[in-house]
Amino acid sequence: MSELQWPKLAPRDRCTGCGACASGCPKNAIHLLPDREGFLRPTVTDACIQCGHCTHICPVLRQREKRSAPAVFAAWCPDETARSASTAGGVFYLLADYMLEGGGIVFGAALDEELHVRHVAARNGQELTRLLGAKPVQSDIGDTYERIRHHLEQGRRVLFSGTPCQVDGLYHYLGEHPENLLTVDVVCSGVVSPGVWDQLLRSMAYVKRKRPTDVSFSAKLSGSTERRFRVLFEDNSTFDAPAGKSELGRGRRRALLFRPSCHTCSYASTDRPGDLTLGVFRGLPRDFYPQEQCRGISLLLVNTAKGAQTLDVLPLKKEARTLEEAVACDPALSAPVPVPAERAEFFAAFAQQPFRQVQSRFLAPLAYQAGRGRRRLRDLFHRKSKEGKS
């Protein structure tokens with residue numbers, strides 16, 4: 001097949017990797033393969049019959065209808081065990097438990113045996129525990145969309161949780177908003193490269209001389225709002241650090257590790273694709289349930305009537321807040337994160353150099369401080385330039 005015959009897909013810098021095109025291809029002619037930055041991208045094979053279905057269902061190439069402003073709540077789960085295993089207030093646990101109790105099935109991101117992030121199904125409470133807690137690495141959607149369609153056609157209720165681009169990808173793949181499908185999109189500032197995460201795992205195993213067997217990206221400390229990056233190794237020893245001071249955390253805070261489309265994300269607003277939106281509610285007044293804030297409070301946006309109806313039957317603690325407070329608590333609800341000056345340099349080094357050199361150059365504490373210093377100088381330069389022109 002000549003290059004001119006390839007179907008039209010989203011441009012590289014805008015493709016979210018949602019997987020709708022690959023899942024929807026009637027000939028299985030599109031495969032998601034890692035690029036030089038470690039992100040999965042659609043690759044068209046000679047099996048393509050030029051039907052155009054992939055172009056038709058690509059969320060990037062089709063504009064969404066705008067919704068009215070969502071209702072905003074600070075919310076939390078009264079079950080302390082479930083809440084302690086969650087990043088914020090444990091609202092997702094309540095939604096998932098309600099779905100499972102009614103005979104439904106829940107799909108969300110989980111760590112597999114190799115600690116890669118993939119979307120999986122939970123059919124009971126034991127399997128649900130794998131889906132709890134934030135996972136900042138972009139998940140491999142696999143055949144999740146096809147499996148959801150199968151369950152929906154069988155009349156089963158389904159809860160799907162993912163990034164907003166994955167939720168939108170699911171709806172475009174299905175071509176409708178089925179009544180027995182409930183969706184939750186997470187407030188997301190950007191997804192980390194799976195390829196970079198794999199190298200970080202290999203590095204931890206090399207340095208510790210033992211295999212990591214479990215990871216918590218946002219573990220909680222009792223009585224504190226601080227979140228921890230915690231790794232369990234095969235001999236039951238652990239590595240524990242403040243989430244923002246791990247190598248992954250430093251890379252995320254500098255926005256070095258994100259997919260290119262994250263920097264132009266069309267979902268970085270309060271107009272969300274999911275029935276519900278979940279995040280962490282930061283910046284609440286100190287006198288707003290101070291003990292609950294230490295345990296974690298969820299930011300909850302109710303975007304559809306279906307989402308509101310579901311919440312009405314949950315044993316959920318919630319207080320109405322303003323949309324302005326929601327936007328103030330997380331910049332990802334107002335604009336995508338800007339592209340850092342060092343991003344291209346980081347991924348060029350990632351593709352060409354040994355990863356240990358990349359780590360020491362970009363992800364070590366001194367590299368992080370140097371990056372902050374360069375940004376401060378750049379911001380100062382811009383301010384001085386503006387003052388000179390005024």
# chains A, B, ... in the order shown; residues from 1 in each chain; ligands from 1

call {"tool": "residues_around", "arguments": {"residues": "A:Gln154", "least_positions_apart": "4", "cutoff": "12 Å", "atoms": "only C-alpha atoms", "output": "list in words"}}
result
Gly104, Ile105, Arg147, Ile148, Arg149, His150, Val158 and Asn180 of chain A

call {"tool": "write_last_selection", "arguments": {"atoms": "C-alpha atoms", "output": "compact mmCIF listing (two decimals), in the first residue's frame"}}
result
# COMPACT_ATOMS: atom_id res chain seq x y z
CA GLY A 104 -22.40 -5.22 36.68
CA ILE A 105 -18.75 -5.16 35.71
CA ARG A 147 -15.22 -6.35 25.79
CA ILE A 148 -17.40 -3.49 27.00
CA ARG A 149 -19.48 -3.66 23.82
CA HIS A 150 -19.94 -7.41 24.35
CA VAL A 158 -20.77 -1.48 32.89
CA ASN A 180 -26.40 0.78 30.91

call {"tool": "closest_residue", "arguments": {"among": "A:Val280, A:Ile57, A:Cys188, A:Cys51", "to": "A:Arg227", "atoms": "only C-alpha atoms"}}
result
A:Val280

call {"tool": "residues_around", "arguments": {"residues": "stretch 5-22 of chain A", "least_positions_apart": "4", "cutoff": "9 Å", "atoms": "only C-alpha atoms", "output": "JSON, numbers by chain"}}
result
{"A": [1, 26, 28, 29, 30, 31, 32, 39, 40, 41, 42, 43, 44, 48, 50, 51, 52, 53, 54, 55, 56, 57, 58, 59, 60, 61, 138, 140, 141, 142, 145, 163, 165, 166, 167, 168, 169, 170, 171, 172, 173, 259, 260, 261, 262, 263, 264, 265]}

call {"tool": "closest_residue", "arguments": {"among": "A:Val192, A:Ala109, A:Leu256, A:Met99", "to": "A:Val339", "atoms": "only C-alpha atoms"}}
result
A:Leu256

call {"tool": "closest_residue", "arguments": {"among": "A:Gly155, A:Arg343, A:Gly90, A:Phe160", "to": "A:Thr129", "atoms": "only C-alpha atoms"}}
result
A:Gly90

call {"tool": "residues_around", "arguments": {"residues": "A:Leu300", "least_positions_apart": "4", "cutoff": "6 Å", "atoms": "only C-alpha atoms", "output": "PyMOL selection string"}}
result
chain A and resi 72-73+277-278

call {"tool": "write_last_selection", "arguments": {"atoms": "C-alpha atoms", "output": "PDB file, in the first residue's frame"}}
result
ATOM      1  CA  VAL A  72     -19.473  20.430  41.818  1.00  0.00           C
ATOM      2  CA  PHE A  73     -19.033  18.580  45.107  1.00  0.00           C
ATOM      3  CA  THR A 277     -15.386  13.435  36.825  1.00  0.00           C
ATOM      4  CA  LEU A 278     -13.116  12.571  39.756  1.00  0.00           C
TER       5      LEU A 278
END

call {"tool": "closest_residue", "arguments": {"among": "A:Phe239, A:Asp185, A:Phe362, A:Ile49", "to": "A:Ala348", "atoms": "only C-alpha atoms"}}
result
A:Phe362

call {"tool": "closest_residue", "arguments": {"among": "A:Arg252, A:Arg83, A:His119, A:Arg286", "to": "A:Lys220", "atoms": "only C-alpha atoms"}}
result
A:Arg83

call {"tool": "select_by_dssp", "arguments": {"residues": "stretch 4-45 of chain A", "states": "helix (DSSP H, G or I)", "output": "number ranges by chain"}}
result
A: 4-5, 20-24

call {"tool": "write_last_selection", "arguments": {"atoms": "C-alpha atoms", "output": "PDB file, in the first residue's frame"}}
result
ATOM      1  CA  LEU A   4      -0.846   8.226  -0.213  1.00  0.00           C
ATOM      2  CA  GLN A   5      -3.415   5.516   0.515  1.00  0.00           C
ATOM      3  CA  ALA A  20     -10.614   3.782  19.252  1.00  0.00           C
ATOM      4  CA  CYS A  21      -9.227   3.451  15.726  1.00  0.00           C
ATOM      5  CA  ALA A  22      -7.504   0.123  16.433  1.00  0.00           C
ATOM      6  CA  SER A  23     -10.483  -1.302  18.331  1.00  0.00           C
ATOM      7  CA  GLY A  24     -12.958  -0.194  15.676  1.00  0.00           C
TER       8      GLY A  24
END

call {"tool": "residues_around", "arguments": {"residues": "A:Val196", "least_positions_apart": "2", "cutoff": "12 Å", "atoms": "only C-alpha atoms", "output": "MDAnalysis selection string"}}
result
chainID A and resid 34:39 116 136:138 191:194 198:203 247:248 251:252 256:259 346:347 349:351 355:356 358:359 363

call {"tool": "residues_around", "arguments": {"residues": "A:Tyr93", "least_positions_apart": "2", "cutoff": "9 Å", "atoms": "only C-alpha atoms", "output": "PyMOL selection string"}}
result
chain A and resi 77+82-83+86+90-91+95-98+128-129+131-132

call {"tool": "residues_around", "arguments": {"residues": "A:Asp240", "least_positions_apart": "6", "cutoff": "8 Å", "atoms": "only C-alpha atoms", "output": "ChimeraX atom specification"}}
result
/A:228-231

call {"tool": "write_last_selection", "arguments": {"atoms": "all heavy atoms", "output": "PDB file, in the first residue's frame"}}
result
ATOM      1  N   ARG A 228       2.670   9.609  48.998  1.00  0.00           N
ATOM      2  CA  ARG A 228       3.959   8.928  48.944  1.00  0.00           C
ATOM      3  C   ARG A 228       4.059   8.043  47.707  1.00  0.00           C
ATOM      4  O   ARG A 228       3.064   7.488  47.235  1.00  0.00           O
ATOM      5  CB  ARG A 228       4.148   8.056  50.185  1.00  0.00           C
ATOM      6  CG  ARG A 228       3.856   8.717  51.505  1.00  0.00           C
ATOM      7  CD  ARG A 228       4.899   9.709  51.911  1.00  0.00           C
ATOM      8  NE  ARG A 228       6.203   9.090  52.170  1.00  0.00           N
ATOM      9  CZ  ARG A 228       7.268   9.761  52.607  1.00  0.00           C
ATOM     10  NH1 ARG A 228       7.173  11.062  52.841  1.00  0.00           N
ATOM     11  NH2 ARG A 228       8.412   9.143  52.807  1.00  0.00           N
ATOM     12  N   PHE A 229       5.265   7.915  47.198  1.00  0.00           N
ATOM     13  CA  PHE A 229       5.576   6.936  46.146  1.00  0.00           C
ATOM     14  C   PHE A 229       6.212   5.754  46.860  1.00  0.00           C
ATOM     15  O   PHE A 229       7.292   5.874  47.442  1.00  0.00           O
ATOM     16  CB  PHE A 229       6.535   7.544  45.124  1.00  0.00           C
ATOM     17  CG  PHE A 229       6.970   6.584  44.048  1.00  0.00           C
ATOM     18  CD1 PHE A 229       6.111   6.213  43.025  1.00  0.00           C
ATOM     19  CD2 PHE A 229       8.257   6.043  44.053  1.00  0.00           C
ATOM     20  CE1 PHE A 229       6.508   5.336  42.034  1.00  0.00           C
ATOM     21  CE2 PHE A 229       8.667   5.165  43.067  1.00  0.00           C
ATOM     22  CZ  PHE A 229       7.789   4.814  42.051  1.00  0.00           C
ATOM     23  N   ARG A 230       5.538   4.606  46.814  1.00  0.00           N
ATOM     24  CA  ARG A 230       5.954   3.466  47.629  1.00  0.00           C
ATOM     25  C   ARG A 230       6.110   2.235  46.742  1.00  0.00           C
ATOM     26  O   ARG A 230       5.212   1.899  45.965  1.00  0.00           O
ATOM     27  CB  ARG A 230       4.904   3.221  48.709  1.00  0.00           C
ATOM     28  CG  ARG A 230       5.361   2.405  49.885  1.00  0.00           C
ATOM     29  CD  ARG A 230       4.322   2.479  50.996  1.00  0.00           C
ATOM     30  NE  ARG A 230       4.320   3.772  51.676  1.00  0.00           N
ATOM     31  CZ  ARG A 230       3.292   4.219  52.410  1.00  0.00           C
ATOM     32  NH1 ARG A 230       2.190   3.511  52.510  1.00  0.00           N
ATOM     33  NH2 ARG A 230       3.384   5.381  53.008  1.00  0.00           N
ATOM     34  N   VAL A 231       7.251   1.565  46.861  1.00  0.00           N
ATOM     35  CA  VAL A 231       7.546   0.380  46.059  1.00  0.00           C
ATOM     36  C   VAL A 231       7.801  -0.793  46.999  1.00  0.00           C
ATOM     37  O   VAL A 231       8.586  -0.689  47.945  1.00  0.00           O
ATOM     38  CB  VAL A 231       8.779   0.593  45.154  1.00  0.00           C
ATOM     39  CG1 VAL A 231       9.017  -0.642  44.270  1.00  0.00           C
ATOM     40  CG2 VAL A 231       8.614   1.843  44.295  1.00  0.00           C
TER      41      VAL A 231
END
